[in-house]
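> Before I ask anything, here is the structure I am working with.
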Amino acid sequence: MTLQQLLYFLAVAETRHFTRAAERTYVAQPSLSKQVRALEDELGAPLFSRARGNVTLTPAGEALLPIARRIVADVDTARLEVAELVGLRRGRVRVGATPSLCVTVFADVLHRFHREYPGIELVVEESGSKDLVRALTHGELDLAVLIAAGAEAALTTVPLLRERLVVAAPARVDLGAAVRLEELRDRPLVMFREGYDLRDVTLQACRAAGFTPVFAAQGGEMDAVLRFVEVGLGVAVVPTLVLTGRPALRGTPLTAPEMTRTIALAQRSDVAPTNAARAFRDTLRAHLDDLHRDGGLPAGVELVGR
């Protein structure tokens, strides 16, 4: 089995077409097909079903796909690690963050890192925690800042922040000093899309309080949800951080129960981070420490893990 064979296999698996896979990998289609067949012969099982030009993965192909992705990603990481032996003058770090962080402190961390290490390429993925966990385990990311509750045993996580969840409403709407969760029974909610961590947390909490919430609108990403709340469609349960710089919104703490979540930095447990990834990790911690020292963390957000 060779790395080139795995690259050809991944190209076919992702395009579901041998000709397009050959174009992507800059090789003649017969050569690519020959290498894929050689890989199948070595493994002793067909990787693709080729019925009437319809290319699909066989069970053996499905089993190989995540392993091949990890191998290719690890080889890429190894190349970068060797290149970095000359210092942090070049390289790449692939980082992910949840949407609530991308619109707040994460942008400042990226700016600080780029200023200190201008030769390091930053590849950023914004997604929900479940998607970020999947990308980490597949070797597609070096680091991710995500919700700690969504992490897996295959990952090493370090807590960074604990933030309170609040009820976001238009600034003109006064919900009082605090809101009991059951009070949301009679208020339309603006709800995030399926797969969003905040959607699951909110629905579970409402059901535990004995009711199913009424949706004013659902299916949005963070910016859309906040905008829908601003124009008065309904209220939403959101992290304190995302209300920073949103004067048209007011956040009211939830009580009975108080709802919080922990934000953590995650990486694969079986792969040592590259020098660039370690530098990014240190930059992130330094930035959060500075915010904590200078009183720059919003109300309802506290530094943890120190």
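In the structure tokens, the first chain shown is A, the next is B, and so on; residue numbers restart at 1 for each chain, and ligands run from 1 in the order shown.
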Using only C-alpha atoms, which residues sit within 10 Å of stretch 202-219 of chain A once same-chain residues fewer than 3 positions away are excluded, as an MDAnalysis selection string?

chainID A and resid 165 180:199 222 224:225 228:229 232:238 256:257 259

> Calculate how many Å separate atom CA of A:Ala144 from atom CA of A:Phe9, rounding to one decimal.

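The value is 27.3 Å.
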
> Can you check which residues of stretch 105-218 of chain A DSSP gives as strand (DSSP E) on the backbone and send them as a PyMOL selection string?

chain A and resi 120-126+143-147+155-170+179-180+189-192+215-218

> What is the distance, in Å and to one decimal place, between atom CA of A:Gly300 and atom CA of A:Val166?

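Separation of atom CA of A:Gly300 and atom CA of A:Val166: 9.0 Å.
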
> Using only C-alpha atoms, which of the listed residues (A:Ile67, A:Leu265, A:Ala177, A:Leu6) sits closest to A:Arg37?

A:Leu6

> Could you give me, as a tab-separated table (two decimals) with N, CA, C and O atoms, in the first residue's frame, the residues within 6 Å of stretch 117-128 of chain A, counting only C-alpha atoms and dropping anything in the same chain fewer than 4 positions from it?


chain	number	residue	atom	x	y	z
A	89	ARG	N	8.97	30.35	10.78
A	89	ARG	CA	8.94	31.34	9.70
A	89	ARG	C	7.96	30.93	8.61
A	89	ARG	O	7.57	31.73	7.78
A	90	ARG	N	7.59	29.66	8.60
A	90	ARG	CA	6.62	29.18	7.61
A	90	ARG	C	5.89	27.97	8.20
A	90	ARG	O	6.29	27.42	9.22
A	91	GLY	N	4.84	27.58	7.55
A	91	GLY	CA	4.05	26.46	8.03
A	91	GLY	C	2.58	26.76	7.90
A	91	GLY	O	2.15	27.71	7.24
A	92	ARG	N	1.78	25.94	8.56
A	92	ARG	CA	0.33	26.08	8.48
A	92	ARG	C	-0.29	25.52	9.75
A	92	ARG	O	0.21	24.56	10.32
A	93	VAL	N	-1.36	26.14	10.19
A	93	VAL	CA	-2.14	25.61	11.31
A	93	VAL	C	-3.61	25.67	10.92
A	93	VAL	O	-4.10	26.68	10.42
A	94	ARG	N	-4.29	24.55	11.12
A	94	ARG	CA	-5.71	24.44	10.77
A	94	ARG	C	-6.51	24.44	12.07
A	94	ARG	O	-6.38	23.53	12.89
A	95	VAL	N	-7.32	25.47	12.25
A	95	VAL	CA	-8.04	25.62	13.50
A	95	VAL	C	-9.54	25.76	13.22
A	95	VAL	O	-9.95	26.28	12.18
A	96	GLY	N	-10.33	25.27	14.15
A	96	GLY	CA	-11.77	25.40	14.04
A	96	GLY	C	-12.35	26.05	15.27
A	96	GLY	O	-11.75	26.01	16.35
A	97	ALA	N	-13.52	26.66	15.11
A	97	ALA	CA	-14.19	27.30	16.24
A	97	ALA	C	-15.69	27.32	15.97
A	97	ALA	O	-16.13	27.30	14.81
A	98	THR	N	-16.46	27.37	17.04
A	98	THR	CA	-17.90	27.46	16.91
A	98	THR	C	-18.28	28.87	16.44
A	98	THR	O	-17.53	29.83	16.66
A	99	PRO	N	-19.45	29.03	15.81
A	99	PRO	CA	-19.86	30.35	15.33
A	99	PRO	C	-19.91	31.41	16.42
A	99	PRO	O	-19.57	32.57	16.17
A	113	PHE	N	-2.22	36.28	16.40
A	113	PHE	CA	-1.32	35.23	15.91
A	113	PHE	C	-0.70	35.62	14.58
A	113	PHE	O	0.51	35.43	14.37
A	196	TYR	N	-27.10	22.06	15.71
A	196	TYR	CA	-26.48	23.14	16.48
A	196	TYR	C	-26.52	22.78	17.96
A	196	TYR	O	-27.56	22.39	18.48

> So that I can see what lies close to A:Ala21, please list as number ranges by chain the residues with an atom at most 7 Å from it, counting only C-alpha atoms and leaving out residues fewer than 6 positions away in the same chain.

A: 11-12, 15

> What separation in Å, quoted to one decimal, exists between atom CA of A:Gln267 and atom CA of A:Asp76?

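Distance reported for this atom pair: 16.2 Å.
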
> Write out as a PyMOL selection string the residues lying within 10 Å of A:Ala148, counting only C-alpha atoms and excluding same-chain residues fewer than 2 positions away.

chain A and resi 129+145-146+150-152+157-162+261-266

> Do you know which residues are at most 8 Å from A:Val301 counting only C-alpha atoms, after dropping those on the same chain fewer than 4 positions away, and could you put them as a compact mmCIF listing (two decimals) with C-alpha atoms, in the first residue's frame?


# COMPACT_ATOMS: atom_id res chain seq x y z
CA LEU A 161 -13.94 29.60 29.49
CA ARG A 162 -17.21 29.05 31.29
CA GLU A 163 -20.04 31.21 30.01
CA ARG A 164 -23.59 31.74 31.11
CA THR A 240 -23.27 35.77 26.78
CA LEU A 241 -20.30 36.28 24.46
CA LEU A 297 -14.25 39.38 29.56

> What's around A:Arg246 at 10 Å? Count only C-alpha atoms, leave out sequence neighbours fewer than 6 positions away in its own chain, and write the answer as a VMD selection string.

chain A and resid 170 to 171 226 to 227 230

> Restricting the output to N, CA, C and O atoms, write the selected residues as a CSV table (one decimal), in the first residue's frame.


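The result, stored in result-v2.csv:
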chain,number,residue,atom,x,y,z
A,170,PRO,N,-34.9,41.9,22.1
A,170,PRO,CA,-34.6,43.3,21.7
A,170,PRO,C,-34.4,44.2,22.9
A,170,PRO,O,-35.0,44.0,24.0
A,171,ALA,N,-33.5,45.1,22.8
A,171,ALA,CA,-33.1,46.0,23.9
A,171,ALA,C,-34.3,46.7,24.5
A,171,ALA,O,-34.3,47.1,25.7
A,226,LEU,N,-29.6,36.0,15.8
A,226,LEU,CA,-29.5,37.3,16.5
A,226,LEU,C,-30.2,38.4,15.8
A,226,LEU,O,-30.9,39.3,16.4
A,227,ARG,N,-30.1,38.4,14.4
A,227,ARG,CA,-30.8,39.4,13.7
A,227,ARG,C,-32.4,39.2,13.8
A,227,ARG,O,-33.1,40.2,13.9
A,230,GLU,N,-33.4,40.7,17.0
A,230,GLU,CA,-33.3,42.2,16.9
A,230,GLU,C,-34.6,42.8,16.3
A,230,GLU,O,-35.1,43.8,16.8
